[in-house]
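Asks: Following this line is start_3.txt, made up of compact mmCIF, C-alpha atoms:
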# COMPACT_ATOMS: atom_id res chain seq x y z
CA MET A 502 19.67 -21.16 -0.59
CA ALA A 503 20.45 -21.57 -4.29
CA ALA A 504 18.32 -24.70 -4.42
CA VAL A 505 15.41 -22.90 -2.78
CA LEU A 506 15.73 -20.02 -5.23
CA LYS A 507 15.78 -22.39 -8.20
CA THR A 508 12.69 -24.16 -6.87
CA PHE A 509 10.89 -20.87 -6.46
CA VAL A 510 11.79 -19.68 -9.97
CA ARG A 511 10.68 -23.01 -11.45
CA SER A 512 7.38 -22.90 -9.55
CA PHE A 513 6.83 -19.29 -10.57
CA THR A 514 7.55 -20.10 -14.23
CA ASN A 515 5.31 -23.15 -14.27
CA ARG A 516 2.47 -21.38 -12.48
CA LEU A 517 2.31 -18.26 -14.69
CA GLU A 518 2.31 -18.01 -18.46
CA SER A 519 4.87 -15.82 -20.20
CA PRO A 520 2.41 -12.98 -21.06
CA VAL A 521 1.26 -12.87 -17.44
CA ARG A 522 4.84 -12.74 -16.19
CA GLN A 523 5.60 -9.85 -18.55
CA HIS A 524 2.50 -8.01 -17.38
CA LEU A 525 3.51 -8.48 -13.75
CA LYS A 526 6.99 -7.15 -14.55
CA ASN A 527 5.35 -3.99 -15.89
CA VAL A 528 3.07 -3.74 -12.85
CA TYR A 529 5.88 -4.11 -10.33
CA GLY A 530 8.08 -1.79 -12.37
CA CYS A 531 5.41 0.93 -12.06
CA LEU A 532 5.05 0.08 -8.38
CA SER A 533 8.79 0.58 -7.86
CA LEU A 534 8.67 3.96 -9.63
CA SER A 535 5.68 4.95 -7.51
CA THR A 536 7.40 4.11 -4.22
CA CYS A 537 10.45 6.11 -5.32
CA ALA A 538 8.20 9.06 -6.17
CA ALA A 539 6.53 8.76 -2.75
CA ALA A 540 9.94 8.71 -1.06
CA LEU A 541 10.86 11.85 -2.98
CA GLY A 542 7.64 13.53 -1.88
CA ALA A 543 8.34 12.70 1.77
CA TYR A 544 11.90 14.04 1.40
CA VAL A 545 10.61 17.30 -0.10
CA HIS A 546 8.29 17.86 2.87
CA LEU A 547 10.88 16.95 5.50
CA TYR A 548 14.06 18.54 4.20
CA THR A 549 13.18 21.29 1.73
CA GLU A 550 11.02 24.39 1.58
CA LEU A 551 9.81 23.68 -1.95
CA LEU A 552 6.44 22.23 -0.99
CA GLN A 553 4.68 21.26 2.23
CA ALA A 554 1.72 18.99 2.82
CA ASN A 555 -1.48 21.01 3.13
CA LEU A 556 -5.10 21.06 1.99
CA LEU A 557 -4.18 22.00 -1.57
CA THR A 558 -1.71 19.12 -1.94
CA ASN A 559 -4.34 16.74 -0.54
CA LEU A 560 -6.82 17.99 -3.12
CA GLY A 561 -4.11 17.58 -5.76
CA THR A 562 -3.63 13.97 -4.69
CA LEU A 563 -7.33 13.26 -5.17
CA GLY A 564 -7.37 15.14 -8.46
CA LEU A 565 -4.53 13.10 -9.92
CA LEU A 566 -6.14 9.89 -8.69
CA PHE A 567 -9.43 10.72 -10.39
CA ALA A 568 -7.58 11.87 -13.52
CA LEU A 569 -5.80 8.51 -13.76
CA ILE A 570 -8.97 6.51 -13.21
CA ALA A 571 -10.96 8.65 -15.64
CA THR A 572 -8.36 8.40 -18.43
CA PRO A 573 -8.77 5.01 -20.12
CA ASP A 574 -5.76 3.25 -21.56
CA ASN A 575 -5.82 3.54 -25.35
CA GLY A 576 -2.25 2.41 -25.99
CA LYS A 577 -1.10 5.93 -26.88
CA ASN A 578 -1.41 7.77 -23.56
CA GLN A 579 0.82 5.65 -21.34
CA LYS A 580 3.22 8.53 -20.64
CA LEU A 581 0.34 10.80 -19.62
CA ARG A 582 -1.21 8.17 -17.37
CA LEU A 583 2.18 7.28 -15.88
CA SER A 584 2.70 10.96 -15.06
CA TYR A 585 -0.67 10.94 -13.27
CA LEU A 586 0.40 7.87 -11.29
CA LEU A 587 3.78 9.29 -10.33
CA GLY A 588 2.24 12.65 -9.46
CA PHE A 589 -0.27 10.89 -7.23
CA ALA A 590 2.54 8.90 -5.59
CA LEU A 591 4.67 12.03 -5.10
CA LEU A 592 1.84 13.90 -3.38
CA SER A 593 0.96 10.80 -1.35
CA GLY A 594 4.52 10.74 -0.04
CA LEU A 595 4.28 14.46 0.63
CA GLY A 596 1.11 13.78 2.62
CA LEU A 597 3.05 11.35 4.81
CA GLY A 598 5.41 14.19 5.78
CA PRO A 599 3.57 15.39 8.93
CA LEU A 600 3.30 11.80 10.24
CA LEU A 601 6.98 11.20 9.52
CA GLN A 602 7.87 14.37 11.44
CA LEU A 603 6.06 13.02 14.49
CA VAL A 604 7.79 9.66 14.11
CA ILE A 605 11.22 11.29 13.85
CA ALA A 606 10.52 13.26 17.03
CA VAL A 607 9.95 9.97 18.86
CA ASN A 608 12.58 7.75 17.21
CA PRO A 609 13.84 8.07 13.61
CA ASN A 610 14.72 4.36 13.53
CA ILE A 611 11.00 3.59 13.43
CA ILE A 612 10.93 4.71 9.79
CA ILE A 613 13.59 2.17 8.79
CA THR A 614 11.89 -0.56 10.81
CA SER A 615 8.55 0.22 9.17
CA LEU A 616 10.10 0.19 5.69
CA ILE A 617 11.69 -3.19 6.32
CA GLY A 618 8.44 -4.45 7.81
CA VAL A 619 6.23 -3.33 4.95
CA THR A 620 8.70 -4.72 2.40
CA VAL A 621 8.82 -8.14 4.09
CA VAL A 622 5.04 -8.27 4.49
CA PHE A 623 4.34 -7.07 0.95
CA VAL A 624 6.82 -9.42 -0.71
CA SER A 625 5.73 -12.41 1.37
CA PHE A 626 2.02 -11.94 0.72
CA SER A 627 2.60 -11.19 -2.96
CA ILE A 628 4.66 -14.34 -3.48
CA SER A 629 2.13 -16.50 -1.65
CA SER A 630 -0.62 -15.04 -3.83
CA LEU A 631 1.32 -15.52 -7.08
CA LEU A 632 2.15 -19.13 -6.27
CA ALA A 633 -1.36 -19.99 -5.09
CA GLU A 634 -3.91 -21.67 -7.31
CA ARG A 635 -5.47 -19.23 -9.77
CA GLY A 636 -8.42 -17.42 -8.23
CA ARG A 637 -8.00 -19.10 -4.86
CA TRP A 638 -8.12 -15.85 -2.87
CA LEU A 639 -10.61 -13.89 -4.95
CA TYR A 640 -13.42 -14.88 -2.60
CA LEU A 641 -11.78 -12.57 -0.03
CA GLY A 642 -12.98 -9.52 -1.94
CA GLY A 643 -16.46 -9.32 -0.47
CA THR A 644 -15.23 -10.00 3.06
CA LEU A 645 -12.47 -7.39 2.83
CA ILE A 646 -14.81 -4.72 1.49
CA SER A 647 -17.35 -5.45 4.24
CA LEU A 648 -14.68 -5.25 6.94
CA LEU A 649 -13.33 -2.05 5.42
CA ASN A 650 -16.79 -0.49 5.55
CA MET A 651 -17.10 -1.50 9.20
CA ILE A 652 -13.75 0.07 10.07
CA VAL A 653 -14.69 3.28 8.27
CA LEU A 654 -17.96 3.30 10.25
CA PHE A 655 -16.06 2.77 13.51
CA SER A 656 -13.75 5.65 12.62
CA PHE A 657 -16.69 7.95 11.93
CA VAL A 658 -18.44 7.01 15.16
CA ASN A 659 -15.21 7.44 17.09
CA LEU A 660 -14.97 11.06 15.96
CA PHE A 661 -17.72 11.70 18.51
CA LEU A 662 -17.17 8.96 21.12
CA ARG A 663 -13.36 9.00 21.32
CA TRP A 664 -13.22 5.39 22.50
CA SER A 665 -9.81 3.75 22.68
CA LEU A 666 -11.29 0.41 21.60
CA PHE A 667 -12.61 1.81 18.32
CA TYR A 668 -9.29 3.51 17.66
CA HIS A 669 -7.33 0.28 18.09
CA VAL A 670 -9.86 -1.65 15.99
CA HIS A 671 -9.26 0.88 13.23
CA LEU A 672 -5.49 0.73 13.66
CA TYR A 673 -4.87 -3.01 13.89
CA GLY A 674 -7.88 -4.00 11.81
CA GLY A 675 -6.71 -1.63 9.08
CA LEU A 676 -3.28 -3.25 9.04
CA PHE A 677 -4.86 -6.69 8.78
CA LEU A 678 -7.09 -5.54 5.93
CA MET A 679 -4.22 -4.00 3.97
CA CYS A 680 -2.34 -7.31 4.17
CA GLY A 681 -5.45 -9.09 2.92
CA PHE A 682 -5.81 -6.65 0.05
CA VAL A 683 -2.24 -7.42 -1.08
CA ILE A 684 -3.22 -11.07 -1.58
CA TYR A 685 -6.56 -10.22 -3.15
CA ASP A 686 -5.33 -7.43 -5.45
CA THR A 687 -2.40 -9.53 -6.69
CA GLN A 688 -4.66 -12.36 -7.79
CA LEU A 689 -7.24 -9.90 -9.12
CA ILE A 690 -4.58 -8.34 -11.37
CA ILE A 691 -3.84 -11.76 -12.87
CA GLU A 692 -7.54 -12.46 -13.33
CA LYS A 693 -8.11 -9.07 -14.97
CA PHE A 694 -5.25 -9.78 -17.36
CA HIS A 695 -6.84 -13.09 -18.38
CA MET A 696 -10.08 -11.19 -18.99
CA GLY A 697 -8.30 -8.82 -21.38
CA SER A 698 -7.32 -5.90 -19.12
CA LYS A 699 -3.65 -5.08 -19.73
CA ASP A 700 -3.63 -1.71 -18.00
CA PHE A 701 -0.53 -2.28 -15.87
CA ILE A 702 -0.46 1.36 -14.74
CA LEU A 703 -3.89 1.17 -13.12
CA HIS A 704 -3.12 -2.29 -11.74
CA SER A 705 0.02 -0.98 -10.04
CA LEU A 706 -2.08 1.76 -8.41
CA ASP A 707 -3.95 -0.85 -6.34
CA LEU A 708 -0.71 -2.35 -5.03
CA PHE A 709 0.78 1.07 -4.31
CA ILE A 710 -2.23 2.01 -2.18
CA ASP A 711 -1.84 -1.29 -0.30
CA PHE A 712 1.87 -0.63 0.23
CA ILE A 713 1.34 2.89 1.55
CA GLY A 714 -1.52 1.71 3.76
CA ILE A 715 0.60 -0.97 5.44
CA PHE A 716 3.50 1.46 5.86
CA ARG A 717 1.29 4.11 7.47
CA HIS A 718 -0.25 1.64 9.92
CA LEU A 719 3.15 0.25 10.89
CA LEU A 720 4.45 3.77 11.52
CA VAL A 721 1.60 4.57 13.88
CA ILE A 722 1.71 1.22 15.72
CA LEU A 723 5.47 1.25 16.25
CA THR A 724 5.47 4.92 17.27
CA GLU A 725 2.78 4.29 19.88
CA LYS A 726 4.74 1.39 21.32
CA GLU A 727 7.96 3.38 21.41
CA SER A 728 6.22 6.32 23.10
CA LYS A 729 4.84 4.01 25.80
CA ASN A 730 8.29 2.50 26.35
CA GLN A 731 9.86 5.93 26.69
CA ARG A 732 7.25 6.97 29.24
CA LYS A 733 7.87 3.79 31.26
CA ARG A 734 11.62 4.40 31.24
CA LYS A 735 11.09 7.95 32.53
CA GLU A 736 8.90 6.68 35.34
Written as structure tokens, that's how I'd like the structure from this file.
Replies:
Amino acid sequence: MAAVLKTFVRSFTNRLESPVRQHLKNVYGCLSLSTCAAALGAYVHLYTELLQANLLTNLGTLGLLFALIATPDNGKNQKLRLSYLLGFALLSGLGLGPLLQLVIAVNPNIIITSLIGVTVVFVSFSISSLLAERGRWLYLGGTLISLLNMIVLFSFVNLFLRWSLFYHVHLYGGLFLMCGFVIYDTQLIIEKFHMGSKDFILHSLDLFIDFIGIFRHLLVILTEKESKNQRKRKE
């Protein structure tokens, strides 16, 4: 195990220059803070009466997202922009509250399983992207965007048709896309840095959205499977 770790560290060091590694440390540091803020938001919805997910909090989530995107990094407003990011993450976690309540009603262990699953998937795909040849996976961008548009179209059509096939295409296809975006966004962050963009706060936003997307899809998939198993056991 030690030998494997040393090999990985050596490969990682040789593959990425020191400024890139420092930038990635900042990105993943912001990502860690964002996930903690999201966890806090979910806790607030589930176990306190301070704030509950509703239309206003959803609008607040969008407002903070647009505020972050619309506020360019000038080197002096990092604290302000970080507060936008953490506020967005907090309200995103709050927005997961109703889904988490449904999951807990079925089986609370699904939440732990989903957290482990999203962590394993995210770390694995991130490492494979970081160790891959520079720009190798950037070609995925166009394909991923096209597939995302198709899934959004399926979801819109399914509002009227209510077809199970479209629903499952959205569910499993969305999970597949989020995994693809982890690879793509990771390499895109490195490429943006080489092009002069050092906005690690905005870069971490892309990865946070990927992380939450995978987590949400895993929650729904595992909850559906557990519900079916419970119905079979009752029969």
Asks: Just the residues within 12 Å of A:Ile646, please, counting only C-alpha atoms, with nothing from its chain fewer than 4 positions along; format it as a list in words.
Replies: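 Residues meeting the cut-off are Leu639, Tyr640, Leu641, Gly642, Asn650, Met651, Ile652, Val653, Gly675, Leu678, Met679, Gly681, Phe682 and Tyr685 of chain A.
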Asks: Near A:Leu583, counting all atoms listed in the file, which residues have an atom at most 10 Å away, once you skip same-chain residues fewer than 3 positions from it, shown as a list in words?
Replies: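 So the residues in contact are Cys531, Leu534, Ser535, Leu569, Asn578, Gln579, Lys580, Leu586, Leu587, Gly588, Phe589, Phe701, Ile702 and Leu703 of chain A.
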Asks: Please report the interatomic distance between atom CA of A:Asp700 and atom CA of A:Asn527 in Å with one decimal.
Replies: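 Taking atom CA of A:Asp700 and atom CA of A:Asn527, their separation equals 9.5 Å.
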Asks: Could you jot down the atom CA of A:Leu723 to atom CA of A:Ser615 separation for me, Å, one decimal place?
Replies: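 These atoms are spaced 7.8 Å apart.
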Asks: Hey, which of A:Leu532, A:Leu581, A:Leu592, A:Ala539 ends up closest to A:Gly561? Count only C-alpha atoms.
Replies: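 Under the stated criterion, the closest residue is A:Leu592.
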Asks: Calculate how many Å separate atom CA of A:Ser593 from atom CA of A:Gly542, rounding to one decimal.
Replies: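 Computing it gives 7.2 Å between the two atoms.
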